[in-house]
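Have a look at model21.txt below; it lists compact mmCIF, C-alpha atoms.
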```txt
# COMPACT_ATOMS: atom_id res chain seq x y z
CA MET A 239 75.28 33.22 56.19
CA ASN A 240 74.71 36.43 58.15
CA ASP A 241 76.40 36.08 61.56
CA TRP A 242 73.38 37.59 63.26
CA GLN A 243 70.95 35.21 61.57
CA PRO A 244 69.92 33.24 64.70
CA VAL A 245 69.21 36.49 66.56
CA THR A 246 67.13 37.84 63.69
CA GLU A 247 65.33 34.52 63.31
CA LEU A 248 64.51 34.39 67.00
CA GLU A 249 63.12 37.93 66.94
CA CYS A 250 60.94 37.17 63.91
CA LEU A 251 59.74 33.90 65.39
CA LEU A 252 58.92 35.33 68.81
CA ASP A 253 56.94 38.15 67.21
CA ALA A 254 55.01 35.71 65.03
CA LEU A 255 54.29 33.27 67.87
CA GLU A 256 53.26 36.13 70.10
CA THR A 257 50.69 37.12 67.49
CA GLU A 258 49.44 33.53 67.47
CA LEU A 259 49.04 33.49 71.25
CA LEU A 260 47.20 36.81 71.18
CA SER A 261 44.81 35.40 68.62
CA ALA A 262 44.10 32.18 70.56
CA THR A 263 40.41 32.05 71.40
CA ASP A 264 39.07 31.30 74.87
CA GLU A 265 37.81 27.99 73.50
CA GLU A 266 41.28 27.08 72.25
CA ILE A 267 42.70 27.91 75.66
CA ARG A 268 40.09 25.77 77.39
CA ASP A 269 40.72 22.91 74.96
CA ALA A 270 44.46 23.11 75.44
CA LEU A 271 44.60 23.68 79.16
CA GLY A 272 41.37 22.39 80.61
CA HIS A 273 40.96 23.71 84.14
CA ARG A 274 44.52 24.84 84.57
CA GLN A 275 44.77 28.02 86.64
CA PRO A 276 47.17 30.85 85.90
CA ALA A 277 50.44 30.70 87.83
CA HIS A 278 49.54 31.92 91.28
CA LEU A 279 52.64 33.83 92.30
CA ALA A 280 53.05 35.80 89.12
CA PHE A 281 49.45 36.90 89.12
CA ARG A 282 49.26 37.80 92.77
CA ALA A 283 51.23 40.88 91.77
CA VAL A 284 48.75 41.57 88.99
CA ALA A 285 45.76 41.28 91.28
CA ASP A 286 47.30 43.30 94.10
CA ALA A 287 48.56 46.02 91.82
CA ALA A 288 45.24 46.26 90.02
CA ALA A 289 43.33 46.50 93.28
CA MET A 290 45.73 49.03 94.75
CA PRO A 291 44.07 52.33 93.79
CA GLU A 292 40.79 51.42 95.50
CA THR A 293 41.82 49.28 98.44
CA ILE A 294 44.65 51.42 99.69
CA GLY A 295 43.39 54.77 98.56
CA TRP A 296 46.24 55.36 96.21
CA PRO A 297 46.14 59.08 95.40
CA PRO A 298 45.42 59.75 91.73
CA GLY A 299 48.50 60.58 89.75
CA VAL A 300 50.92 59.39 92.37
CA ILE A 301 52.78 56.10 92.33
CA SER A 302 53.01 55.62 96.05
CA GLN A 303 55.02 53.43 98.32
CA PRO A 304 52.37 50.67 98.55
CA LEU A 305 52.72 49.93 94.86
CA GLU A 306 56.48 49.89 95.15
CA SER A 307 56.22 47.35 97.93
CA VAL A 308 53.85 45.05 96.03
CA LEU A 309 55.76 45.03 92.81
CA ARG A 310 59.24 43.70 93.29
CA PRO A 311 62.09 46.21 93.36
CA ARG A 312 63.43 47.13 89.99
CA GLU A 313 66.99 46.74 91.30
CA LYS A 314 66.41 43.06 91.90
CA LEU A 315 65.82 42.57 88.21
CA ARG A 316 68.75 44.78 87.24
CA PHE A 317 66.53 46.95 85.08
CA PRO A 318 67.95 50.35 84.26
CA MET B 89 66.20 60.12 92.51
CA GLN B 90 65.96 59.29 88.86
CA ARG B 91 62.55 57.63 88.99
CA SER B 92 61.06 60.53 90.95
CA ALA B 93 62.42 62.91 88.35
CA GLU B 94 60.90 60.81 85.58
CA ARG B 95 57.51 60.83 87.31
CA SER B 96 57.49 64.54 87.81
CA GLN B 97 57.86 65.03 84.06
CA ILE B 98 54.62 63.14 83.41
CA GLN B 99 51.46 65.22 83.63
CA PRO B 100 49.45 64.08 86.67
CA ALA B 101 46.11 64.00 84.83
CA ARG B 102 47.54 61.83 82.09
CA LEU B 103 49.26 59.57 84.59
CA ALA B 104 46.09 59.18 86.67
CA ARG B 105 44.01 58.34 83.63
CA THR B 106 46.53 55.85 82.39
CA THR B 107 47.01 54.22 85.75
CA GLU B 108 43.32 53.98 86.44
CA GLN B 109 42.58 52.54 83.02
CA VAL B 110 45.35 49.98 83.29
CA ALA B 111 44.33 48.98 86.80
CA ARG B 112 40.69 48.62 85.77
CA ALA B 113 41.59 46.56 82.72
CA LEU B 114 43.90 44.34 84.77
CA ARG B 115 41.09 43.63 87.22
CA ARG B 116 38.84 42.58 84.36
CA LEU B 117 41.23 39.99 82.94
CA THR B 118 39.68 36.53 82.89
CA ASP B 119 41.55 33.33 83.72
CA ALA B 120 41.85 32.70 79.97
CA ASP B 121 43.42 36.15 79.58
CA LEU B 122 45.84 35.47 82.41
CA LEU B 123 46.83 32.15 80.86
CA ARG B 124 47.37 33.95 77.54
CA LEU B 125 49.52 36.49 79.37
CA GLU B 126 51.48 33.77 81.13
CA ALA B 127 52.09 32.00 77.81
CA LEU B 128 53.25 35.28 76.25
CA ALA B 129 55.65 35.96 79.11
CA ARG B 130 57.04 32.42 79.07
CA LEU B 131 57.54 32.58 75.33
CA ARG B 132 59.27 35.96 75.47
CA ALA B 133 61.46 34.91 78.41
CA ARG B 134 63.05 32.14 76.38
CA GLY B 135 66.56 33.09 75.43
CA LEU B 136 66.78 35.94 77.92
CA PRO B 137 70.06 36.51 79.75
CA GLY B 138 70.40 34.50 82.97
CA GLY B 139 68.53 35.55 86.08
CA VAL B 140 65.41 36.93 84.44
CA ALA B 141 62.41 34.65 84.76
CA TRP B 142 59.15 34.97 82.83
CA SER B 143 57.39 36.25 85.94
CA ASP B 144 60.06 38.96 86.32
CA LEU B 145 59.44 39.99 82.74
CA LEU B 146 55.69 40.11 83.27
CA ASN B 147 56.08 41.91 86.58
CA GLU B 148 58.19 44.65 85.02
CA ALA B 149 55.76 45.01 82.12
CA ILE B 150 52.84 45.51 84.52
CA ARG B 151 54.87 47.97 86.56
CA ARG B 152 55.65 50.06 83.49
CA ALA B 153 52.03 49.97 82.39
CA LEU B 154 50.79 51.01 85.82
CA ASP B 155 53.32 53.73 86.53
CA GLY B 156 52.69 55.32 83.14
CA SER B 157 56.28 55.04 81.94
CA ARG B 158 54.72 53.22 78.98
CA PRO B 159 51.48 55.01 78.12
CA TRP B 160 48.68 52.75 76.91
CA PRO B 161 47.90 53.77 73.32
CA PRO B 162 44.19 54.17 72.55
CA GLY B 163 42.66 51.25 70.70
CA VAL B 164 45.34 48.72 71.67
CA PRO B 165 44.02 45.75 73.68
CA LEU B 166 45.62 45.39 77.12
CA LEU B 167 47.24 42.03 76.36
CA ALA B 168 48.77 43.35 73.15
CA PHE B 169 49.99 46.40 75.07
CA LEU B 170 51.61 44.25 77.76
CA ALA B 171 53.10 42.03 75.05
CA GLN B 172 54.62 45.13 73.43
CA ILE B 173 56.17 46.17 76.73
CA MET B 174 57.58 42.69 77.32
CA ARG B 175 59.05 42.79 73.83
CA SER B 176 60.74 46.13 74.61
CA ILE B 177 62.12 44.81 77.89
CA TRP B 178 63.35 41.69 76.10
CA SER B 179 65.19 43.85 73.55
CA GLU B 180 66.63 46.08 76.30
CA LEU B 181 67.89 43.09 78.25
CA CYS B 182 69.41 41.42 75.20
CA ARG B 183 71.14 44.64 74.13
CA ARG B 184 72.36 45.43 77.63
CA ASP B 185 73.64 41.92 78.23
CA SER B 186 75.50 42.05 74.96
CA LEU B 187 76.94 45.49 75.70
CA GLU B 188 78.04 44.49 79.20
CA ARG B 189 79.91 41.51 77.83
CA ARG B 190 81.59 43.63 75.20
CA GLN B 191 82.58 46.23 77.78
CA VAL B 192 84.05 43.56 80.01
CA LEU B 193 85.97 42.03 77.17
CA MET B 194 86.90 45.49 75.82
CA ALA B 195 87.06 43.82 72.46
CA VAL B 196 84.96 46.31 70.54
CA SER B 197 83.81 49.86 71.04
CA ARG B 198 80.45 50.79 72.66
CA ASP B 199 78.89 51.78 69.36
CA SER B 200 80.06 48.78 67.46
CA ASP B 201 77.50 46.48 65.93
CA GLU B 202 79.89 43.59 65.64
CA MET B 203 78.80 40.05 66.25
CA ASP B 204 78.26 39.03 69.87
CA PRO B 205 78.99 35.29 69.98
CA GLU B 206 77.17 34.71 73.27
CA ARG B 207 74.02 36.42 72.11
CA ILE B 208 74.09 34.32 68.97
CA VAL B 209 74.56 31.16 71.02
CA ALA B 210 71.67 32.17 73.30
CA ALA B 211 69.43 32.84 70.29
CA THR B 212 70.40 29.53 68.72
CA GLN B 213 69.55 27.71 71.95
CA ALA B 214 66.23 29.53 72.25
CA LEU B 215 65.36 28.63 68.66
CA ALA B 216 66.25 25.00 69.36
CA THR B 217 64.02 25.01 72.44
CA ILE B 218 61.09 26.34 70.46
CA HIS B 219 61.71 23.89 67.60
CA LYS B 220 61.81 21.07 70.14
CA LEU B 221 58.20 21.82 71.05
CA PHE B 222 57.21 20.85 67.51
CA THR B 223 59.53 17.92 66.74
CA ARG B 224 56.58 15.58 66.16
CA ASP B 225 54.85 17.94 63.76
CA ALA B 226 56.80 18.38 60.53
CA ALA B 227 54.20 20.67 58.98
CA ALA B 228 54.29 22.96 62.02
CA LEU B 229 58.08 23.02 61.85
CA ASN B 230 57.87 24.16 58.22
CA VAL B 231 55.60 27.02 59.22
CA ILE B 232 57.81 27.87 62.21
CA ALA B 233 60.87 27.98 59.94
CA GLY B 234 59.02 30.25 57.54
CA LEU B 235 57.98 32.57 60.35
CA ALA B 236 61.56 32.69 61.65
CA ASP B 237 62.67 33.71 58.15
CA GLY B 238 60.22 36.59 58.36
CA ARG B 239 58.00 35.18 55.62
CA THR B 240 54.34 36.07 55.31
CA ALA B 241 51.57 33.49 55.60
CA GLN B 242 51.02 33.73 51.86
CA GLU B 243 54.69 33.00 51.14
CA ILE B 244 54.76 30.05 53.54
CA ARG B 245 51.62 28.61 51.99
CA ALA B 246 53.08 28.96 48.50
CA ILE B 247 56.41 27.35 49.44
CA HIS B 248 54.76 24.34 51.09
CA ASP B 249 51.74 24.17 48.82
CA LEU B 250 49.25 24.66 51.64
CA SER B 251 45.67 25.73 51.23
CA GLU B 252 44.37 28.47 53.48
CA ALA B 253 42.42 25.89 55.49
CA GLU B 254 45.47 23.65 55.87
CA TYR B 255 47.57 26.60 56.98
CA ASP B 256 44.96 27.65 59.52
CA THR B 257 44.80 24.11 60.89
CA ILE B 258 48.58 24.09 61.36
CA ARG B 259 48.40 27.47 63.08
CA LYS B 260 45.79 26.07 65.47
CA ARG B 261 48.13 23.17 66.28
CA ILE B 262 50.97 25.62 66.87
CA ARG B 263 48.82 27.66 69.25
CA ARG B 264 47.72 24.50 71.05
CA THR B 265 51.31 23.30 71.46
CA LEU B 266 52.47 26.71 72.62
CA LEU B 267 49.74 26.77 75.23
CA ARG B 268 50.19 23.16 76.37
CA GLN B 269 53.95 22.79 76.19
CA GLY B 270 54.97 26.43 76.38
CA LEU B 271 53.44 26.81 79.81
CA VAL B 272 55.68 24.21 81.40
CA GLY B 273 59.31 24.43 82.42
CA GLY B 274 61.49 27.49 82.52
CA LYS B 275 62.10 29.73 85.49
CA PRO B 276 58.96 30.65 87.43
```
Could you render the structure from this file as structure tokens?
Amino acid sequence: MNDWQPVTELECLLDALETELLSATDEEIRDALGHRQPAHLAFRAVADAAAMPETIGWPPGVISQPLESVLRPREKLRFP
Amino acid sequence: MQRSAERSQIQPARLARTTEQVARALRRLTDADLLRLEALARLRARGLPGGVAWSDLLNEAIRRALDGSRPWPPGVPLLAFLAQIMRSIWSELCRRDSLERRQVLMAVSRDSDEMDPERIVAATQALATIHKLFTRDAAALNVIAGLADGRTAQEIRAIHDLSEAEYDTIRKRIRRTLLRQGLVGGKP
């Protein structure tokens, strides 16, 4: 057995399941989840960030401080 | 500052277009889209090194999409684009976690591709967690195993003697389980 097999298997499986989720229809989502709402906290960042250019007058082409303050600091996540 | 330097290398017009398009598309996401996105992030976060929750993964993907560090390719749907970014982040985190451990242990050189036992254990645990979602559905487990082996739908159908309709029905059950069970538990 290849030592890396579980890692390779996980990568293949995640890719395949991701494709399945992307292909789920709205009807399937309604059937599976009923009236469940998306997780509030995670999507507050989505909504705020998406609204940012208009509501705060974010200058085109510039990622300004307001966006940095809405989206959590990269350092916190230890991203390079 | 490194990020400022990175930004200055991106042409403003391109950045503005990308940012505006991403922001507009994000605003248009329906609740169903957001649930799809949440399910994608939760799925991808399984097996990640400690301390990174699914919402962190999603947050970073949105940040990269908005700041233009990952340009949105024409013709790619937004959810698929965000899923691609989360996949990249997932790979980065797995590689970095593995490298950090190896550096600490000083057991192998930086460029070595030798086995990382902890990464293998983490992958094994993540696979077990996903399999656990389908323990009551033997047919789904067969398909899951085939997918993990990198097999095509046609190969999986041939191995398990499944018609196209049967295979599609199993896929629907897999999607349903992923949505119902995959959206619970894990770090927020």
Show me the residues around (52.8, 34.2, 71.3) - criterion: an atom at most 8 Å away, only C-alpha atoms counted - as an mmCIF file with C-alpha atoms, in the frame of the given file.
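As written to disk, selection_6.cif reads:
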```
data_model
loop_
_atom_site.group_PDB
_atom_site.id
_atom_site.type_symbol
_atom_site.label_atom_id
_atom_site.label_comp_id
_atom_site.auth_asym_id
_atom_site.auth_seq_id
_atom_site.Cartn_x
_atom_site.Cartn_y
_atom_site.Cartn_z
ATOM 1 C CA LEU A 252 58.920 35.330 68.810
ATOM 2 C CA ASP A 253 56.940 38.150 67.210
ATOM 3 C CA ALA A 254 55.010 35.710 65.030
ATOM 4 C CA LEU A 255 54.290 33.270 67.870
ATOM 5 C CA GLU A 256 53.260 36.130 70.100
ATOM 6 C CA THR A 257 50.690 37.120 67.490
ATOM 7 C CA GLU A 258 49.440 33.530 67.470
ATOM 8 C CA LEU A 259 49.040 33.490 71.250
ATOM 9 C CA LEU A 260 47.200 36.810 71.180
ATOM 10 C CA ALA B 127 52.090 32.000 77.810
ATOM 11 C CA LEU B 128 53.250 35.280 76.250
ATOM 12 C CA LEU B 131 57.540 32.580 75.330
ATOM 13 C CA ARG B 132 59.270 35.960 75.470
ATOM 14 C CA ARG B 263 48.820 27.660 69.250
ATOM 15 C CA LEU B 266 52.470 26.710 72.620
#
```
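Rounded to one decimal, atom CA of B:Trp142 and atom CA of B:Trp178 lie 10.4 Å from each other.
Put simply, atom CA of B:Thr212 is 10.2 Å away from atom CA of A:Trp242.
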Tell me, in Å to one decimal, how far atom CA of B:Thr107 is from atom CA of B:Leu154.
5.0 Å
Specify as a PyMOL selection string all residues of chain B found within 6 Å of chain A, counting only C-alpha atoms.
chain B and resi 100+103-104+111+114-115+120+122-123+143+208+211-212+235-238+264+268
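With all atoms listed in the file as the atoms that count, the residue of B:Tyr255, B:Ala214, B:Arg184, B:Gly163 with the shortest distance to B:Thr240 is B:Tyr255.
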When you get a chance, write out N, CA and C atoms for stretch 258-271 of chain A, as an mmCIF file, in the frame of the given file.
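Below is the file rebuild_7.cif, written as the result:
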```cif
data_model
loop_
_atom_site.group_PDB
_atom_site.id
_atom_site.type_symbol
_atom_site.label_atom_id
_atom_site.label_comp_id
_atom_site.auth_asym_id
_atom_site.auth_seq_id
_atom_site.Cartn_x
_atom_site.Cartn_y
_atom_site.Cartn_z
ATOM 1 N N GLU A 258 50.292 34.724 67.398
ATOM 2 C CA GLU A 258 49.440 33.530 67.470
ATOM 3 C C GLU A 258 48.794 33.407 68.851
ATOM 4 N N LEU A 259 49.594 33.613 69.888
ATOM 5 C CA LEU A 259 49.040 33.490 71.250
ATOM 6 C C LEU A 259 47.965 34.548 71.497
ATOM 7 N N LEU A 260 48.194 35.747 70.988
ATOM 8 C CA LEU A 260 47.200 36.810 71.180
ATOM 9 C C LEU A 260 45.906 36.483 70.456
ATOM 10 N N SER A 261 46.019 35.705 69.390
ATOM 11 C CA SER A 261 44.810 35.400 68.620
ATOM 12 C C SER A 261 44.135 34.114 69.086
ATOM 13 N N ALA A 262 44.735 33.418 70.053
ATOM 14 C CA ALA A 262 44.100 32.180 70.560
ATOM 15 C C ALA A 262 42.765 32.527 71.204
ATOM 16 N N THR A 263 41.742 31.779 70.835
ATOM 17 C CA THR A 263 40.410 32.050 71.400
ATOM 18 C C THR A 263 40.311 31.435 72.803
ATOM 19 N N ASP A 264 39.310 31.879 73.534
ATOM 20 C CA ASP A 264 39.070 31.300 74.870
ATOM 21 C C ASP A 264 38.823 29.798 74.753
ATOM 22 N N GLU A 265 38.122 29.415 73.692
ATOM 23 C CA GLU A 265 37.810 27.990 73.500
ATOM 24 C C GLU A 265 39.101 27.193 73.277
ATOM 25 N N GLU A 266 40.008 27.761 72.474
ATOM 26 C CA GLU A 266 41.280 27.080 72.250
ATOM 27 C C GLU A 266 42.059 26.932 73.557
ATOM 28 N N ILE A 267 41.989 27.959 74.372
ATOM 29 C CA ILE A 267 42.700 27.910 75.660
ATOM 30 C C ILE A 267 42.082 26.853 76.563
ATOM 31 N N ARG A 268 40.754 26.802 76.588
ATOM 32 C CA ARG A 268 40.090 25.770 77.390
ATOM 33 C C ARG A 268 40.422 24.375 76.875
ATOM 34 N N ASP A 269 40.398 24.211 75.553
ATOM 35 C CA ASP A 269 40.720 22.910 74.960
ATOM 36 C C ASP A 269 42.137 22.476 75.288
ATOM 37 N N ALA A 270 43.046 23.444 75.241
ATOM 38 C CA ALA A 270 44.460 23.110 75.440
ATOM 39 C C ALA A 270 44.796 22.897 76.908
ATOM 40 N N LEU A 271 44.156 23.659 77.757
ATOM 41 C CA LEU A 271 44.600 23.680 79.160
ATOM 42 C C LEU A 271 43.584 23.171 80.154
#
```
